[in-house]
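Asks: target_37.txt (compact mmCIF, C-alpha atoms) pasted underneath:
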```
# COMPACT_ATOMS: atom_id res chain seq x y z
CA MET A 1 -28.20 31.07 4.22
CA LEU A 2 -27.57 29.99 0.64
CA LYS A 3 -28.88 26.79 -0.93
CA ILE A 4 -26.08 25.03 -2.79
CA GLU A 5 -28.55 24.18 -5.54
CA LYS A 6 -28.97 27.91 -6.18
CA PHE A 7 -25.28 28.77 -6.06
CA ILE A 8 -24.12 30.65 -9.19
CA ALA A 9 -20.40 30.24 -9.83
CA GLY A 10 -19.96 33.73 -11.26
CA LYS A 11 -20.42 35.72 -14.43
CA PHE A 12 -18.54 36.86 -17.50
CA ILE A 13 -17.52 40.51 -17.59
CA ASN A 14 -17.01 42.35 -20.89
CA GLN A 15 -13.54 43.86 -21.17
CA ILE A 16 -12.18 45.81 -24.15
CA GLU A 17 -11.29 42.81 -26.34
CA TYR A 18 -12.37 39.81 -24.29
CA LYS A 19 -14.59 38.54 -21.49
CA SER A 20 -13.12 37.70 -18.10
CA PHE A 21 -14.85 35.46 -15.59
CA ASN A 22 -15.63 36.96 -12.20
CA PRO A 23 -16.38 34.28 -9.57
CA GLN A 24 -19.10 34.72 -6.98
CA LEU A 25 -18.02 35.51 -3.42
CA ILE A 26 -18.14 32.29 -1.39
CA ASN A 27 -17.93 33.29 2.28
CA ASN A 28 -21.45 32.31 3.29
CA ILE A 29 -23.55 29.82 5.24
CA TYR A 30 -24.75 26.95 3.05
CA SER A 31 -27.45 24.30 3.12
CA TRP A 32 -28.77 21.77 0.60
CA ASP A 33 -31.67 19.44 -0.10
CA ASN A 34 -29.96 17.19 -2.63
CA ARG A 35 -29.88 13.66 -1.17
CA GLU A 36 -27.20 12.54 -3.60
CA LEU A 37 -24.90 15.27 -2.32
CA THR A 38 -25.48 14.09 1.25
CA LYS A 39 -24.71 10.51 0.21
CA LEU A 40 -21.49 11.49 -1.57
CA SER A 41 -20.42 13.59 1.40
CA GLU A 42 -20.90 10.64 3.75
CA GLN A 43 -18.86 8.40 1.45
CA ALA A 44 -16.03 10.95 1.41
CA VAL A 45 -16.00 11.18 5.22
CA HIS A 46 -15.96 7.36 5.44
CA ALA A 47 -13.01 7.16 3.03
CA LEU A 48 -11.09 9.74 5.07
CA GLY A 49 -11.76 7.71 8.20
CA GLN A 50 -10.30 4.64 6.51
CA LEU A 51 -7.22 6.62 5.48
CA ASP A 52 -6.80 7.91 9.03
CA ALA A 53 -7.02 4.35 10.38
CA TYR A 54 -4.45 3.18 7.83
CA SER A 55 -2.04 5.92 8.92
CA SER A 56 -1.81 4.33 12.38
CA LEU A 57 -0.38 1.17 10.76
CA VAL A 58 2.41 2.96 8.89
CA PRO A 59 5.73 2.59 10.78
CA ASN A 60 6.96 6.08 9.90
CA ILE A 61 4.06 8.36 8.97
CA ASP A 62 6.31 11.40 8.50
CA HIS A 63 8.35 9.52 5.89
CA PHE A 64 5.14 8.38 4.18
CA ILE A 65 3.81 11.94 4.02
CA ARG A 66 7.15 13.20 2.66
CA MET A 67 6.95 10.66 -0.16
CA TYR A 68 3.37 11.66 -0.90
CA VAL A 69 4.32 15.35 -1.04
CA LEU A 70 7.18 14.47 -3.38
CA LYS A 71 4.83 12.49 -5.64
CA GLU A 72 2.35 15.38 -5.70
CA ALA A 73 5.20 17.77 -6.51
CA THR A 74 6.34 15.75 -9.52
CA ILE A 75 2.79 15.31 -10.86
CA SER A 76 1.78 18.95 -10.38
CA SER A 77 5.03 20.28 -11.84
CA ARG A 78 4.48 18.13 -14.93
CA ILE A 79 1.53 20.38 -15.80
CA GLU A 80 4.07 23.16 -16.36
CA GLY A 81 6.22 20.91 -18.56
CA THR A 82 8.64 19.75 -15.86
CA GLN A 83 9.99 16.24 -16.57
CA THR A 84 11.66 15.25 -13.26
CA ASN A 85 10.39 11.97 -11.80
CA MET A 86 10.25 10.91 -8.14
CA GLU A 87 13.54 9.03 -8.22
CA GLU A 88 15.42 11.98 -9.74
CA ALA A 89 13.81 14.39 -7.27
CA LEU A 90 15.46 12.47 -4.41
CA TYR A 91 18.97 13.01 -5.82
CA LYS A 92 21.27 15.80 -4.73
CA GLU A 93 21.37 18.70 -7.18
CA SER A 94 25.03 17.95 -7.91
CA ASP A 95 24.01 14.46 -9.09
CA ILE A 96 21.53 15.81 -11.65
CA ARG A 97 22.65 16.41 -15.24
CA PRO A 98 22.97 20.19 -15.89
CA GLU A 99 20.23 20.22 -18.52
CA LEU A 100 17.77 18.70 -16.02
CA ARG A 101 18.57 20.86 -13.00
CA ASP A 102 15.92 23.49 -13.73
CA ASP A 103 13.21 20.82 -13.62
CA TRP A 104 14.75 19.29 -10.48
CA LYS A 105 14.74 22.72 -8.83
CA GLU A 106 11.05 23.30 -9.59
CA VAL A 107 10.02 20.01 -8.00
CA ASN A 108 12.15 20.57 -4.91
CA ASN A 109 10.87 24.14 -4.58
CA TYR A 110 7.38 22.64 -4.48
CA VAL A 111 8.38 20.33 -1.61
CA ALA A 112 10.11 23.15 0.28
CA ALA A 113 7.12 25.47 -0.21
CA MET A 114 4.73 22.82 1.10
CA ASN A 115 6.87 22.13 4.17
CA ASN A 116 7.34 25.84 4.91
CA ALA A 117 3.60 26.40 4.62
CA LEU A 118 2.82 23.57 7.04
CA ASN A 119 5.33 24.98 9.50
CA GLY A 120 3.85 28.44 9.05
CA LEU A 121 0.36 27.18 9.85
CA ALA A 122 1.57 26.38 13.35
CA LYS A 123 1.81 30.13 13.96
CA LEU A 124 -0.56 31.71 11.43
CA PRO A 125 -4.05 30.99 10.06
CA LEU A 126 -4.45 29.99 6.42
CA SER A 127 -4.11 33.45 4.95
CA THR A 128 -2.79 35.76 2.25
CA ARG A 129 0.55 35.84 4.03
CA ILE A 130 0.84 32.05 3.73
CA PHE A 131 -0.30 32.06 0.08
CA LYS A 132 2.28 34.68 -0.87
CA GLN A 133 5.09 32.93 0.99
CA VAL A 134 4.31 29.67 -0.82
CA HIS A 135 4.45 31.44 -4.18
CA PHE A 136 7.72 33.14 -3.22
CA ASP A 137 9.26 29.78 -2.29
CA LEU A 138 8.04 28.19 -5.53
CA MET A 139 9.60 30.88 -7.71
CA GLN A 140 13.14 30.83 -6.32
CA SER A 141 15.73 30.40 -9.13
CA VAL A 142 13.26 28.86 -11.59
CA ARG A 143 11.15 29.91 -14.57
CA GLY A 144 9.06 32.95 -13.63
CA GLU A 145 11.41 34.08 -10.84
CA ASN A 146 11.19 37.68 -12.10
CA LYS A 147 7.38 37.71 -12.31
CA LEU A 148 6.43 39.16 -8.91
CA PRO A 149 7.34 36.20 -6.68
CA GLY A 150 5.29 36.37 -3.50
CA GLU A 151 2.89 39.01 -4.85
CA TYR A 152 -0.58 38.83 -6.36
CA ARG A 153 -0.62 39.56 -10.07
CA ARG A 154 -0.86 43.12 -11.38
CA SER A 155 -1.97 42.31 -14.92
CA GLN A 156 -4.35 40.04 -16.78
CA ASN A 157 -3.47 36.38 -17.14
CA TRP A 158 -5.15 33.53 -19.02
CA ILE A 159 -5.20 29.77 -19.47
CA GLY A 160 -4.00 28.65 -22.88
CA GLU A 161 -2.84 30.84 -25.76
CA GLN A 162 -3.02 34.61 -25.54
CA SER A 163 -5.86 35.01 -27.97
CA LYS A 164 -9.61 34.90 -28.24
CA LYS A 165 -9.24 31.11 -28.35
CA CYS A 166 -7.70 30.78 -24.87
CA SER A 167 -9.42 28.26 -22.60
CA PHE A 168 -10.19 30.57 -19.69
CA ILE A 169 -9.62 34.20 -18.66
CA PRO A 170 -9.64 34.82 -14.89
CA PRO A 171 -10.92 38.06 -13.31
CA ILE A 172 -9.01 41.28 -13.97
CA HIS A 173 -6.18 41.96 -11.55
CA GLN A 174 -8.05 44.81 -9.83
CA GLU A 175 -10.48 42.22 -8.44
CA VAL A 176 -7.87 39.85 -7.06
CA ASN A 177 -7.36 41.39 -3.60
CA SER A 178 -11.06 41.52 -2.76
CA LEU A 179 -11.69 38.00 -4.08
CA MET A 180 -8.74 36.58 -2.17
CA GLY A 181 -9.88 38.43 0.94
CA ASP A 182 -13.26 36.74 0.67
CA LEU A 183 -11.58 33.36 0.15
CA GLU A 184 -9.44 33.92 3.24
CA LYS A 185 -12.55 34.67 5.31
CA PHE A 186 -14.24 31.56 3.94
CA LEU A 187 -11.26 29.34 4.82
CA ASN A 188 -11.28 30.57 8.41
CA ASN A 189 -15.08 30.58 8.76
CA THR A 190 -16.09 27.76 11.12
CA ASP A 191 -19.81 28.18 10.43
CA THR A 192 -20.21 27.62 6.67
CA GLY A 193 -22.52 24.62 7.13
CA LEU A 194 -20.31 22.58 4.77
CA THR A 195 -18.42 19.37 5.49
CA HIS A 196 -14.64 19.64 5.40
CA VAL A 197 -14.45 17.90 2.03
CA MET A 198 -17.07 20.21 0.50
CA LYS A 199 -15.33 23.26 1.92
CA ILE A 200 -11.97 22.15 0.53
CA ALA A 201 -13.51 21.52 -2.88
CA LEU A 202 -15.15 24.95 -3.04
CA ALA A 203 -12.00 26.70 -1.81
CA HIS A 204 -9.88 24.88 -4.41
CA TYR A 205 -12.27 25.82 -7.19
CA GLN A 206 -12.31 29.45 -6.07
CA PHE A 207 -8.52 29.73 -5.85
CA GLU A 208 -8.02 28.23 -9.31
CA THR A 209 -10.71 30.50 -10.76
CA ILE A 210 -9.20 33.65 -9.30
CA HIS A 211 -5.73 32.53 -10.49
CA PRO A 212 -4.11 35.17 -8.26
CA PHE A 213 -0.48 34.66 -9.33
```
Just give me the structure of the file as structure tokens.

Replies:
Amino acid sequence: MLKIEKFIAGKFINQIEYKSFNPQLINNIYSWDNRELTKLSEQAVHALGQLDAYSSLVPNIDHFIRMYVLKEATISSRIEGTQTNMEEALYKESDIRPELRDDWKEVNNYVAAMNNALNGLAKLPLSTRIFKQVHFDLMQSVRGENKLPGEYRRSQNWIGEQSKKCSFIPPIHQEVNSLMGDLEKFLNNTDTGLTHVMKIALAHYQFETIHPF
């Protein structure tokens, strides 16, 4: 059992011309003594309960969720420079100006990938197969479509400019499969000792740190 207070996120590894960050494996059983963490966890669970209660008042919850996914798609895609807004994302592709269709396609790929993943989870556990299918769906006919869609990376990547000044350098590609394997085990581990919110937060951090695609 690992105390959260003693959890070490990972370590920097010297490479030839840079240092990459190797995250700690996270599939474990956790406990904590921090009262503030317990308080925050209770508040998060309470907020989720309120959201669940609100969902029963929405006339068409499926339509509400679709709109939320669309909003998330437009916001997340904006990180990559995509400019499509929610209203434009609802148009047919033929109604979008030619110079804006690439951005429109990226947002709608996001929505399609999310829906396909949710459908896939009815038959499969949250797994590498699901992750790779989501990436494949995201990359169809958009920027990056020739960069191993649906496959974990086979080279070094980075956040920011390709230089010593880049913001963050994820682990080398040789570590990706083992790190993602550990993350998959963690996601399907029902005995981590964590609340759902805490587990989601740690899994999100780990995925972003590995940066597998």

Asks: Find the nearest atom pair between each residue of region 112-179 of chain A and region 88-102 of chain A for residues within 12 Å, count all atoms listed in the file, give distances in Å to one decimal, sort rows by chain and ascending number, and present the table as a Markdown table.

Replies:
```
| residue | atom | partner | partner_atom | distance |
| --- | --- | --- | --- | --- |
| A:Met139 | CA | A:Asp102 | CA | 11.4 |
| A:Gln140 | CA | A:Asp102 | CA | 10.8 |
| A:Ser141 | CA | A:Asp102 | CA | 8.3 |
| A:Val142 | CA | A:Asp102 | CA | 6.4 |
| A:Arg143 | CA | A:Asp102 | CA | 8.0 |
| A:Gly144 | CA | A:Asp102 | CA | 11.7 |
| A:Glu145 | CA | A:Asp102 | CA | 11.9 |
```

Asks: Pick out the residues sitting within 7 Å of Lys132 (chain A), and hand them over as a list of chain:residue names; count all atoms listed in the file, and ignore anything fewer than 4 positions along from it in its own chain.

Replies: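 Contacts, with the query itself left out: A:Thr128, A:Phe136, A:Gly150, A:Glu151.
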
Asks: Mind pulling up the distance from CA of Phe12 (chain A) to CA of Ile172 (chain A)?

Replies: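 Separating CA of Ile172 (chain A) from CA of Phe12 (chain A) is a distance of 11.1 Å.
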
Asks: Work out how far apart CA of Asn27 (chain A) and CA of Lys39 (chain A) are and give it in Å to one decimal.

Replies: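 Straight-line distance from CA of Asn27 (chain A) to CA of Lys39 (chain A) works out to 23.9 Å.
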
Asks: Could you tell me how far CA of Ile65 (chain A) lies from CA of Ala122 (chain A), in Å and to one decimal?

Replies: 17.3 Å

Asks: Nearest to Trp32 (chain A) among A:Phe7, A:Tyr18, A:Tyr152, A:Tyr54, with distances taken over all atoms listed in the file: which residue is it?

Replies: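 Closest candidate: A:Phe7.
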
Asks: Any idea what's packed within 12 Å of Asn28 (chain A), counting only C-alpha atoms, ignoring anything in its chain fewer than 5 positions away? Could you give it as a PDB file with C-alpha atoms, in the frame of the given file?

Replies:
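After the write, around_15.pdb holds the following:
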```
ATOM      1  CA  MET A   1     -28.200  31.070   4.220  1.00  0.00           C
ATOM      2  CA  LEU A   2     -27.570  29.990   0.640  1.00  0.00           C
ATOM      3  CA  LYS A   3     -28.880  26.790  -0.930  1.00  0.00           C
ATOM      4  CA  ILE A   4     -26.080  25.030  -2.790  1.00  0.00           C
ATOM      5  CA  PHE A   7     -25.280  28.770  -6.060  1.00  0.00           C
ATOM      6  CA  ASP A 182     -13.260  36.740   0.670  1.00  0.00           C
ATOM      7  CA  LEU A 183     -11.580  33.360   0.150  1.00  0.00           C
ATOM      8  CA  LYS A 185     -12.550  34.670   5.310  1.00  0.00           C
ATOM      9  CA  PHE A 186     -14.240  31.560   3.940  1.00  0.00           C
ATOM     10  CA  LEU A 187     -11.260  29.340   4.820  1.00  0.00           C
ATOM     11  CA  ASN A 188     -11.280  30.570   8.410  1.00  0.00           C
ATOM     12  CA  ASN A 189     -15.080  30.580   8.760  1.00  0.00           C
ATOM     13  CA  THR A 190     -16.090  27.760  11.120  1.00  0.00           C
ATOM     14  CA  ASP A 191     -19.810  28.180  10.430  1.00  0.00           C
ATOM     15  CA  THR A 192     -20.210  27.620   6.670  1.00  0.00           C
ATOM     16  CA  GLY A 193     -22.520  24.620   7.130  1.00  0.00           C
ATOM     17  CA  LEU A 194     -20.310  22.580   4.770  1.00  0.00           C
ATOM     18  CA  LYS A 199     -15.330  23.260   1.920  1.00  0.00           C
ATOM     19  CA  LEU A 202     -15.150  24.950  -3.040  1.00  0.00           C
TER      20      LEU A 202
END
```

Asks: Tell me which of A:Ile16, A:Ile26, A:Leu48, A:Ala117 sits closest to Gly181 (chain A), counting only C-alpha atoms.

Replies: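 Checking each candidate against Gly181 (chain A), we get A:Ile26 as the closest.
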
Asks: Point out the residue among A:Phe21, A:Met180, A:His211, A:Gln206 with the least atom-to-atom distance to Ser127 (chain A), counting only C-alpha atoms.

Replies: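 Under the stated criterion, the closest residue is A:Met180.
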
Asks: Missing atoms in region 112-138 of chain A need filling: write out N, CA and C atoms for it as a PDB file, in the frame of the given file.

Replies:
```
ATOM      1  N   ALA A 112       9.701  22.178  -0.728  1.00  0.00           N
ATOM      2  CA  ALA A 112      10.110  23.150   0.280  1.00  0.00           C
ATOM      3  C   ALA A 112       8.966  24.109   0.615  1.00  0.00           C
ATOM      4  N   ALA A 113       8.244  24.556  -0.426  1.00  0.00           N
ATOM      5  CA  ALA A 113       7.120  25.470  -0.210  1.00  0.00           C
ATOM      6  C   ALA A 113       6.029  24.823   0.627  1.00  0.00           C
ATOM      7  N   MET A 114       5.736  23.553   0.338  1.00  0.00           N
ATOM      8  CA  MET A 114       4.730  22.820   1.100  1.00  0.00           C
ATOM      9  C   MET A 114       5.147  22.689   2.564  1.00  0.00           C
ATOM     10  N   ASN A 115       6.388  22.297   2.797  1.00  0.00           N
ATOM     11  CA  ASN A 115       6.870  22.130   4.170  1.00  0.00           C
ATOM     12  C   ASN A 115       6.894  23.449   4.924  1.00  0.00           C
ATOM     13  N   ASN A 116       7.316  24.525   4.268  1.00  0.00           N
ATOM     14  CA  ASN A 116       7.340  25.840   4.910  1.00  0.00           C
ATOM     15  C   ASN A 116       5.937  26.308   5.264  1.00  0.00           C
ATOM     16  N   ALA A 117       4.980  26.009   4.360  1.00  0.00           N
ATOM     17  CA  ALA A 117       3.600  26.400   4.620  1.00  0.00           C
ATOM     18  C   ALA A 117       3.038  25.655   5.824  1.00  0.00           C
ATOM     19  N   LEU A 118       3.304  24.355   5.907  1.00  0.00           N
ATOM     20  CA  LEU A 118       2.820  23.570   7.040  1.00  0.00           C
ATOM     21  C   LEU A 118       3.424  24.059   8.348  1.00  0.00           C
ATOM     22  N   ASN A 119       4.699  24.420   8.307  1.00  0.00           N
ATOM     23  CA  ASN A 119       5.330  24.980   9.500  1.00  0.00           C
ATOM     24  C   ASN A 119       4.735  26.333   9.850  1.00  0.00           C
ATOM     25  N   GLY A 120       4.431  27.123   8.820  1.00  0.00           N
ATOM     26  CA  GLY A 120       3.850  28.440   9.050  1.00  0.00           C
ATOM     27  C   GLY A 120       2.465  28.379   9.666  1.00  0.00           C
ATOM     28  N   LEU A 121       1.724  27.321   9.325  1.00  0.00           N
ATOM     29  CA  LEU A 121       0.360  27.180   9.850  1.00  0.00           C
ATOM     30  C   LEU A 121       0.341  26.906  11.349  1.00  0.00           C
ATOM     31  N   ALA A 122       1.495  26.558  11.898  1.00  0.00           N
ATOM     32  CA  ALA A 122       1.570  26.380  13.350  1.00  0.00           C
ATOM     33  C   ALA A 122       1.503  27.713  14.075  1.00  0.00           C
ATOM     34  N   LYS A 123       1.794  28.795  13.348  1.00  0.00           N
ATOM     35  CA  LYS A 123       1.810  30.130  13.960  1.00  0.00           C
ATOM     36  C   LYS A 123       0.762  31.062  13.369  1.00  0.00           C
ATOM     37  N   LEU A 124       0.356  30.808  12.125  1.00  0.00           N
ATOM     38  CA  LEU A 124      -0.560  31.710  11.430  1.00  0.00           C
ATOM     39  C   LEU A 124      -1.766  30.949  10.895  1.00  0.00           C
ATOM     40  N   PRO A 125      -2.906  31.633  10.728  1.00  0.00           N
ATOM     41  CA  PRO A 125      -4.050  30.990  10.060  1.00  0.00           C
ATOM     42  C   PRO A 125      -3.779  30.895   8.573  1.00  0.00           C
ATOM     43  N   LEU A 126      -4.554  30.066   7.874  1.00  0.00           N
ATOM     44  CA  LEU A 126      -4.450  29.990   6.420  1.00  0.00           C
ATOM     45  C   LEU A 126      -4.842  31.354   5.868  1.00  0.00           C
ATOM     46  N   SER A 127      -3.906  32.039   5.250  1.00  0.00           N
ATOM     47  CA  SER A 127      -4.110  33.450   4.950  1.00  0.00           C
ATOM     48  C   SER A 127      -3.302  33.904   3.736  1.00  0.00           C
ATOM     49  N   THR A 128      -3.527  35.152   3.353  1.00  0.00           N
ATOM     50  CA  THR A 128      -2.790  35.760   2.250  1.00  0.00           C
ATOM     51  C   THR A 128      -1.288  35.698   2.491  1.00  0.00           C
ATOM     52  N   ARG A 129      -0.879  35.882   3.717  1.00  0.00           N
ATOM     53  CA  ARG A 129       0.550  35.840   4.030  1.00  0.00           C
ATOM     54  C   ARG A 129       1.134  34.461   3.703  1.00  0.00           C
ATOM     55  N   ILE A 130       0.395  33.403   4.043  1.00  0.00           N
ATOM     56  CA  ILE A 130       0.840  32.050   3.730  1.00  0.00           C
ATOM     57  C   ILE A 130       0.861  31.825   2.220  1.00  0.00           C
ATOM     58  N   PHE A 131      -0.218  32.237   1.534  1.00  0.00           N
ATOM     59  CA  PHE A 131      -0.300  32.060   0.080  1.00  0.00           C
ATOM     60  C   PHE A 131       0.906  32.710  -0.615  1.00  0.00           C
ATOM     61  N   LYS A 132       1.204  33.939  -0.222  1.00  0.00           N
ATOM     62  CA  LYS A 132       2.280  34.680  -0.870  1.00  0.00           C
ATOM     63  C   LYS A 132       3.649  34.068  -0.570  1.00  0.00           C
ATOM     64  N   GLN A 133       3.817  33.561   0.647  1.00  0.00           N
ATOM     65  CA  GLN A 133       5.090  32.930   0.990  1.00  0.00           C
ATOM     66  C   GLN A 133       5.296  31.660   0.178  1.00  0.00           C
ATOM     67  N   VAL A 134       4.227  30.886  -0.007  1.00  0.00           N
ATOM     68  CA  VAL A 134       4.310  29.670  -0.820  1.00  0.00           C
ATOM     69  C   VAL A 134       4.735  30.013  -2.243  1.00  0.00           C
ATOM     70  N   HIS A 135       4.111  31.041  -2.810  1.00  0.00           N
ATOM     71  CA  HIS A 135       4.450  31.440  -4.180  1.00  0.00           C
ATOM     72  C   HIS A 135       5.895  31.918  -4.258  1.00  0.00           C
ATOM     73  N   PHE A 136       6.338  32.661  -3.254  1.00  0.00           N
ATOM     74  CA  PHE A 136       7.720  33.140  -3.220  1.00  0.00           C
ATOM     75  C   PHE A 136       8.690  31.959  -3.210  1.00  0.00           C
ATOM     76  N   ASP A 137       8.400  30.956  -2.383  1.00  0.00           N
ATOM     77  CA  ASP A 137       9.260  29.780  -2.290  1.00  0.00           C
ATOM     78  C   ASP A 137       9.273  29.004  -3.617  1.00  0.00           C
ATOM     79  N   LEU A 138       8.134  28.917  -4.262  1.00  0.00           N
ATOM     80  CA  LEU A 138       8.040  28.190  -5.530  1.00  0.00           C
ATOM     81  C   LEU A 138       8.875  28.823  -6.633  1.00  0.00           C
TER      82      LEU A 138
END
```
